[in-house]
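Data from query33.cif: mmCIF, C-alpha atoms
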```cif
data_protein
#
loop_
_atom_site.label_atom_id
_atom_site.label_comp_id
_atom_site.auth_asym_id
_atom_site.auth_seq_id
_atom_site.Cartn_x
_atom_site.Cartn_y
_atom_site.Cartn_z
CA MET X 1 173.45 46.23 -18.10
CA LYS X 2 172.95 47.69 -21.59
CA LEU X 3 170.66 44.82 -22.52
CA ARG X 4 168.64 45.33 -19.36
CA MET X 5 168.26 49.06 -20.02
CA THR X 6 167.25 48.40 -23.64
CA ILE X 7 164.58 45.93 -22.55
CA ILE X 8 163.24 48.30 -19.89
CA ILE X 9 163.13 51.27 -22.27
CA GLY X 10 161.48 49.08 -24.91
CA LEU X 11 158.80 47.94 -22.48
CA LEU X 12 158.19 51.49 -21.26
CA MET X 13 157.86 52.78 -24.82
CA THR X 14 155.41 49.98 -25.64
CA ALA X 15 153.36 50.75 -22.55
CA LEU X 16 153.33 54.46 -23.35
CA SER X 17 152.38 53.93 -26.98
CA LEU X 18 149.53 51.64 -25.92
CA SER X 19 148.29 54.09 -23.34
CA ALA X 20 148.33 56.99 -25.81
CA GLN X 21 145.75 55.88 -28.32
CA SER X 22 145.66 57.95 -31.49
CA ALA X 23 147.98 60.44 -29.79
CA SER X 24 149.43 61.69 -33.06
CA LEU X 25 146.12 62.90 -34.53
CA LYS X 26 145.50 66.62 -34.89
CA ILE X 27 141.87 66.27 -33.78
CA ASN X 28 143.10 65.35 -30.30
CA GLN X 29 143.51 69.06 -29.73
CA VAL X 30 139.73 69.35 -30.01
CA PHE X 31 139.12 66.43 -27.64
CA ASP X 32 141.61 67.90 -25.19
CA GLY X 33 139.72 71.18 -25.06
CA LEU X 34 142.45 73.22 -26.74
CA VAL X 35 140.12 74.64 -29.40
CA ILE X 36 136.80 74.85 -27.55
CA PRO X 37 136.79 74.88 -23.72
CA ILE X 38 135.61 71.61 -22.17
CA GLU X 39 132.77 73.49 -20.39
CA ARG X 40 131.24 74.24 -23.80
CA MET X 41 131.39 70.67 -25.11
CA VAL X 42 129.79 67.28 -24.64
CA LEU X 43 132.76 64.94 -24.62
CA THR X 44 132.40 61.17 -24.53
CA ARG X 45 134.85 58.32 -24.38
CA VAL X 46 133.72 54.70 -24.54
CA LYS X 47 135.61 51.46 -24.96
CA GLY X 48 134.78 47.81 -24.76
CA LYS X 49 131.71 45.63 -25.15
CA ALA X 50 129.11 48.41 -25.39
CA LEU X 51 130.42 49.20 -28.85
CA SER X 52 130.47 45.62 -30.12
CA LYS X 53 127.23 46.02 -32.09
CA TYR X 54 129.03 48.59 -34.23
CA ARG X 55 132.12 46.36 -34.36
CA LEU X 56 134.01 49.13 -32.62
CA THR X 57 136.33 48.93 -29.64
CA TYR X 58 136.99 52.58 -28.94
CA TYR X 59 134.87 55.69 -29.42
CA ARG X 60 135.53 59.31 -28.65
CA SER X 61 133.37 62.27 -29.54
CA ALA X 62 133.06 65.99 -29.02
CA GLN X 63 129.90 67.95 -29.72
CA PHE X 64 129.60 71.70 -29.39
CA ILE X 65 128.07 74.85 -30.82
CA CYS X 66 130.70 77.26 -32.04
CA SER X 67 131.43 80.24 -34.24
CA THR X 68 132.29 79.93 -37.92
CA SER X 69 135.98 80.56 -37.26
CA GLU X 70 136.11 77.88 -34.54
CA ALA X 71 134.32 75.45 -36.86
CA ALA X 72 136.86 76.25 -39.57
CA GLU X 73 139.73 75.55 -37.15
CA VAL X 74 138.24 72.17 -36.25
CA THR X 75 137.70 71.41 -39.94
CA ASN X 76 141.36 72.18 -40.65
CA PHE X 77 142.46 69.66 -38.00
CA VAL X 78 140.16 67.04 -39.52
CA LEU X 79 141.44 67.76 -43.02
CA ALA X 80 145.03 67.50 -41.80
CA ASP X 81 144.27 64.01 -40.47
CA LYS X 82 142.35 63.19 -43.64
CA ALA X 83 145.48 63.85 -45.71
CA THR X 84 146.92 60.53 -44.47
CA SER X 85 143.71 58.81 -45.52
CA ASP X 86 143.85 60.36 -49.02
CA TRP X 87 147.44 59.24 -49.39
CA ALA X 88 146.53 55.68 -48.41
CA GLY X 89 143.45 55.69 -50.70
CA LEU X 90 141.12 54.64 -47.87
CA SER X 91 137.33 54.74 -47.91
CA GLN X 92 135.59 58.02 -47.25
CA ARG X 93 132.21 59.64 -47.72
CA GLN X 94 131.41 63.30 -47.98
CA THR X 95 127.96 64.84 -48.13
CA TRP X 96 127.02 68.43 -48.45
CA ARG X 97 123.74 70.21 -47.97
CA SER X 98 123.23 73.89 -47.37
CA SER X 99 122.40 73.20 -43.75
CA LYS X 100 124.56 70.17 -43.08
CA GLU X 101 128.05 69.05 -44.06
CA GLN X 102 129.48 65.69 -43.27
CA LEU X 103 132.77 63.98 -43.80
CA VAL X 104 133.55 60.40 -42.73
CA PHE X 105 136.80 58.70 -43.59
CA ALA X 106 139.06 55.84 -42.59
CA LEU X 107 142.56 56.40 -41.30
CA PRO X 108 145.39 53.95 -41.93
CA SER X 109 144.83 51.05 -39.52
CA GLN X 110 146.99 50.83 -36.44
CA ARG X 111 147.83 47.70 -34.41
CA GLY X 112 145.16 45.78 -36.34
CA HIS X 113 142.44 48.34 -35.62
CA ASN X 114 140.63 50.21 -38.37
CA ARG X 115 140.23 53.86 -37.46
CA PHE X 116 137.61 56.37 -38.55
CA ILE X 117 136.91 60.05 -38.15
CA SER X 118 133.53 61.65 -38.66
CA LEU X 119 132.83 65.36 -38.75
CA VAL X 120 129.28 66.68 -38.98
CA LYS X 121 128.61 70.41 -39.13
CA GLU X 122 125.04 71.70 -38.92
CA LYS X 123 124.18 75.34 -39.33
CA GLN X 124 122.36 76.92 -36.41
CA LYS X 125 120.75 80.28 -35.83
CA HIS X 126 122.81 83.46 -35.47
CA GLY X 127 125.68 82.18 -37.60
CA LYS X 128 126.56 79.40 -35.18
CA THR X 129 127.48 75.83 -36.11
CA LEU X 130 126.77 72.58 -34.29
CA VAL X 131 129.84 70.41 -34.67
CA THR X 132 129.96 66.69 -33.94
CA LEU X 133 133.44 65.20 -34.17
CA ILE X 134 133.90 61.47 -33.68
CA TYR X 135 136.98 59.25 -33.58
CA MET X 136 136.37 55.48 -33.73
CA GLU X 137 138.50 52.33 -33.68
CA GLY X 138 137.50 48.74 -34.30
CA SER X 139 137.29 45.78 -36.63
CA VAL X 140 134.59 47.28 -38.85
CA GLY X 141 135.89 47.13 -42.41
CA ASP X 142 135.13 50.50 -43.94
CA VAL X 143 132.98 53.61 -43.81
CA HIS X 144 130.06 51.98 -45.66
CA GLU X 145 129.99 48.95 -43.39
CA LEU X 146 130.08 51.24 -40.36
CA ASN X 147 127.18 53.20 -41.78
CA LYS X 148 125.14 50.01 -42.28
CA LEU X 149 125.83 48.85 -38.72
CA ILE X 150 124.74 52.19 -37.26
CA LYS X 151 121.53 52.15 -39.28
CA GLN X 152 120.58 48.60 -38.23
CA MET Z 1 191.97 11.46 19.84
CA MET Z 2 191.22 8.72 17.37
CA THR Z 3 188.57 7.42 19.78
CA ASP Z 4 186.96 10.84 19.80
CA TYR Z 5 186.64 10.76 15.99
CA LYS Z 6 185.37 7.19 16.12
CA LYS Z 7 182.67 8.32 18.55
CA LEU Z 8 181.95 11.32 16.35
CA VAL Z 9 181.63 9.04 13.32
CA ASP Z 10 179.24 6.79 15.27
CA ARG Z 11 177.21 9.83 16.29
CA PHE Z 12 177.31 11.03 12.65
CA PHE Z 13 175.79 7.77 11.44
CA ASP Z 14 173.22 7.99 14.21
CA GLY Z 15 172.33 11.47 12.98
CA GLU Z 16 173.23 13.09 16.27
CA THR Z 17 176.09 15.34 15.20
CA THR Z 18 175.86 19.09 14.98
CA ILE Z 19 176.88 20.99 11.83
CA GLU Z 20 180.08 22.09 13.52
CA GLU Z 21 180.90 18.48 14.49
CA GLU Z 22 180.24 17.37 10.92
CA ARG Z 23 182.57 20.06 9.61
CA GLN Z 24 185.12 18.84 12.14
CA LEU Z 25 184.78 15.34 10.67
CA TYR Z 26 185.12 16.64 7.11
CA ARG Z 27 188.27 18.50 8.07
CA TYR Z 28 189.63 15.39 9.77
CA PHE Z 29 188.99 13.13 6.79
CA ASN Z 30 190.46 15.74 4.42
CA GLY Z 31 193.69 15.58 6.38
CA GLU Z 32 196.57 13.15 6.26
CA ASP Z 33 196.26 11.82 9.81
CA VAL Z 34 193.27 9.54 9.32
CA SER Z 35 193.65 6.45 11.41
CA GLU Z 36 193.83 3.08 9.74
CA GLU Z 37 190.58 2.06 11.39
CA LEU Z 38 188.70 5.02 9.95
CA ASN Z 39 190.59 5.08 6.66
CA PRO Z 40 187.90 3.15 4.73
CA LEU Z 41 185.49 5.99 5.52
CA GLN Z 42 187.78 8.72 4.24
CA CYS Z 43 186.48 8.60 0.69
CA PHE Z 44 182.88 8.68 1.94
CA PHE Z 45 183.46 11.74 4.14
CA LYS Z 46 185.34 13.55 1.37
CA ASP Z 47 182.32 13.02 -0.87
CA MET Z 48 180.01 14.16 1.89
CA ALA Z 49 182.07 17.28 2.39
CA ALA Z 50 181.87 18.02 -1.33
CA VAL Z 51 178.10 17.64 -1.26
CA GLU Z 52 177.53 19.55 1.95
CA LEU Z 53 179.92 22.39 1.24
CA PRO Z 54 180.33 22.60 -2.54
CA ASN Z 55 181.76 26.11 -2.49
CA LYS Z 56 184.13 25.65 0.42
CA VAL Z 57 187.58 24.24 0.67
CA ILE Z 58 187.98 21.99 3.66
CA THR Z 59 191.48 22.26 4.97
CA PRO Z 60 192.96 19.77 7.38
CA LEU Z 61 192.68 20.36 11.10
CA GLY Z 62 195.04 22.90 12.52
CA ASP Z 63 195.19 24.90 9.32
CA ALA Z 64 193.63 28.29 9.47
CA PRO Z 65 191.21 29.31 8.21
CA ALA Z 66 189.54 25.95 8.37
CA ILE Z 67 186.98 26.68 5.70
CA THR Z 68 187.81 29.21 3.03
CA GLU Z 69 185.63 30.65 0.33
CA THR Z 70 186.54 29.84 -3.24
CA ALA Z 71 186.03 31.42 -6.66
CA PRO Z 72 182.59 29.86 -7.24
CA THR Z 73 181.32 31.79 -4.22
CA ARG Z 74 182.42 35.02 -5.82
CA HIS Z 75 180.68 33.97 -9.03
CA LYS Z 76 177.60 33.30 -6.98
CA GLU Z 77 177.79 36.80 -5.54
CA VAL Z 78 178.11 38.30 -9.01
CA ARG Z 79 175.15 36.25 -10.17
CA LEU Z 80 173.20 37.33 -7.10
CA ARG Z 81 173.98 40.98 -7.85
CA ARG Z 82 172.79 40.49 -11.45
CA TRP Z 83 169.57 38.93 -10.23
CA MET Z 84 169.10 41.79 -7.83
CA GLY Z 85 169.45 44.16 -10.77
CA TRP Z 86 166.81 42.27 -12.71
CA ALA Z 87 164.59 42.12 -9.65
CA SER Z 88 164.81 45.88 -9.17
CA ALA Z 89 164.05 46.40 -12.88
CA ALA Z 90 161.04 44.11 -12.53
CA ILE Z 91 159.86 46.08 -9.50
CA VAL Z 92 160.15 49.35 -11.44
CA LEU Z 93 158.12 47.85 -14.29
CA LEU Z 94 155.56 46.46 -11.87
CA LEU Z 95 155.16 49.88 -10.22
CA PHE Z 96 154.87 51.52 -13.62
CA SER Z 97 152.22 49.00 -14.76
CA THR Z 98 150.31 49.56 -11.54
CA TYR Z 99 150.49 53.31 -12.13
CA LEU Z 100 149.17 52.83 -15.67
CA MET Z 101 146.42 50.57 -14.39
CA PHE Z 102 145.27 53.18 -11.90
CA GLN Z 103 145.54 55.80 -14.61
CA ARG Z 104 143.21 53.71 -16.78
CA GLN Z 105 140.13 55.58 -17.74
CA PRO Z 106 136.74 54.03 -17.12
CA ASP Z 107 135.01 52.28 -20.04
CA TYR Z 108 132.26 54.91 -20.11
CA GLU Z 109 133.11 58.51 -19.59
CA ALA Z 110 131.55 61.83 -20.54
CA TYR Z 111 132.05 65.49 -19.80
CA ILE Z 112 128.69 67.12 -20.37
CA TYR Z 113 129.38 70.85 -20.40
CA GLY Z 114 132.02 70.35 -17.74
CA ARG Z 115 130.08 67.84 -15.64
CA HIS Z 116 131.89 64.50 -15.41
CA SER Z 117 129.79 61.37 -15.82
CA THR Z 118 130.62 57.68 -15.87
CA ASN Z 119 126.97 56.62 -16.05
CA ARG Z 120 126.76 54.01 -18.79
CA THR Z 121 123.18 54.84 -19.83
CA GLU Z 122 123.84 58.54 -20.03
CA VAL Z 123 127.09 58.12 -21.96
CA MET Z 124 125.65 55.57 -24.38
CA GLN Z 125 122.70 57.84 -25.11
CA VAL Z 126 125.11 60.49 -26.35
CA VAL Z 127 127.14 57.91 -28.29
CA ASN Z 128 124.11 56.40 -30.04
CA SER Z 129 122.70 59.82 -30.85
CA ASN Z 130 126.03 60.96 -32.33
CA LEU Z 131 126.42 57.79 -34.37
CA ARG Z 132 122.86 58.13 -35.69
CA SER Z 133 123.57 61.67 -36.79
CA THR Z 134 126.66 60.35 -38.59
CA ALA Z 135 124.64 57.68 -40.41
CA GLU Z 136 121.73 59.99 -41.25
CA ALA Z 137 123.91 62.12 -43.44
CA THR Z 138 124.25 59.47 -46.12
CA PRO Z 139 124.39 60.66 -49.70
CA ASP Z 140 120.84 61.76 -50.30
CA VAL Z 141 120.64 63.10 -53.85
CA ASP Z 142 117.06 64.35 -53.49
CA ALA Z 143 117.86 66.32 -50.35
CA GLN Z 144 121.00 67.75 -51.88
CA LEU Z 145 119.22 68.85 -55.09
CA LYS Z 146 116.43 70.32 -53.03
CA ASP Z 147 118.94 72.26 -50.94
CA ILE Z 148 120.71 73.60 -54.02
CA PHE Z 149 117.72 74.46 -56.18
CA ALA Z 150 115.04 75.15 -53.57
CA ASP Z 151 115.41 78.92 -53.94
#
```
Representation of the structure as structure tokens:
Amino acid sequence: MKLRMTIIIGLLMTALSLSAQSASLKINQVFDGLVIPIERMVLTRVKGKALSKYRLTYYRSAQFICSTSEAAEVTNFVLADKATSDWAGLSQRQTWRSSKEQLVFALPSQRGHNRFISLVKEKQKHGKTLVTLIYMEGSVGDVHELNKLIKQ
Amino acid sequence: MMTDYKKLVDRFFDGETTIEEERQLYRYFNGEDVSEELNPLQCFFKDMAAVELPNKVITPLGDAPAITETAPTRHKEVRLRRWMGWASAAIVLLLFSTYLMFQRQPDYEAYIYGRHSTNRTEVMQVVNSNLRSTAEATPDVDAQLKDIFAD
């Protein structure tokens, strides 16, 4: 009986962990509409063959125009997730221009998938910011390779 | 009486006996009162009884109950109960998998300012545009210097 229960619980946990992709990331709060209401965002979620040209298997993005404080909140979530990347010494790229800031970095791989987060902030009129937040998973090796594939 | 069993044996070999008649024969041959004429067949019928009713004890005629259940039957019941447990666990897992399958999100999905879309073209347009904007912001020293010192 104990063995049976252990096996069942094990299988359920596996199923749940598989169904909850990247569930532990802070940026999920943005994707779930907890920072900016869903009505104010363009949210996308794609998986499968359509992403094969980028050597990705899973893609999720949120794009929205927000206030400086909201943009700062989103940035803090991204930086919290980036901390794991810094610790693991993974590839990252950061660019800064007065009108545009961008940060792309790799997260520690999970279940054989390399994971990336991209945050682009572009200044808009009236002190607003256009934020594009992307989470990606796939076999693409690092940030630079991903960049090359997108540019092709 | 002996003639009756002889006839029954003949019918047995002709394949005409009912299950109850066969059990009657097994009980007869498991007893002590087997006639000399039928005695050579006793061993055969004992073997047949063992094959036909492996979990039963055939007691001689007149003893009651004629066929009693033995320990292996109880083991079988325990095993059956265990299998039923596994089967119910499998059903629970199957239902859960089905639930997860129906919960599965489509491969292309977008919420465009609250409007839900699963149109591949529309979704991929957003994806490609976002990815391009990611790639455009590559380290561009000229643009950065211009931004800093333009004033």
Chain X residues within 6 Å of chain Z, counting all atoms listed in the file: which ones, as a VMD selection string?
chain X and resid 38 to 47 95 97 to 98 147
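Atom to atom, atom CA of Z:Cys43 and atom CA of Z:Lys76 stand 27.3 Å apart.
Evaluating the PyMOL selection byres ((chain X and resi 65-71) around 7) against the shown model yields Phe64, Ala72, Glu73, Val74, Thr75, Gly127, Lys128, Thr129, Leu130 and Val131 of chain X.
Pairwise distance (atom CA of X:Gln152, atom CA of X:Lys100) equals 22.5 Å.
Taking only C-alpha atoms into account, the protein, DNA and RNA residues within 8 Å of (138.6, 65.7, -34.9) read Lys26, Ile27, Asn28, Gln29, Val30, Phe31, Val74, Thr75, Phe77, Val78, Ile117, Ser118, Leu119, Leu133, Ile134 and Tyr135 of chain X.
The interatomic distance for the pair atom CA of Z:Arg23 and atom CA of Z:Ala49 works out to 7.8 Å.
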Centre and size of axis-aligned box enclosing stretch 98-103 of chain X plus 3 Å each side, as AutoDock Vina command-line options:
```
--center_x 127.6 --center_y 68.9 --center_z -45.2 --size_x 16.4 --size_y 15.9 --size_z 10.3
```
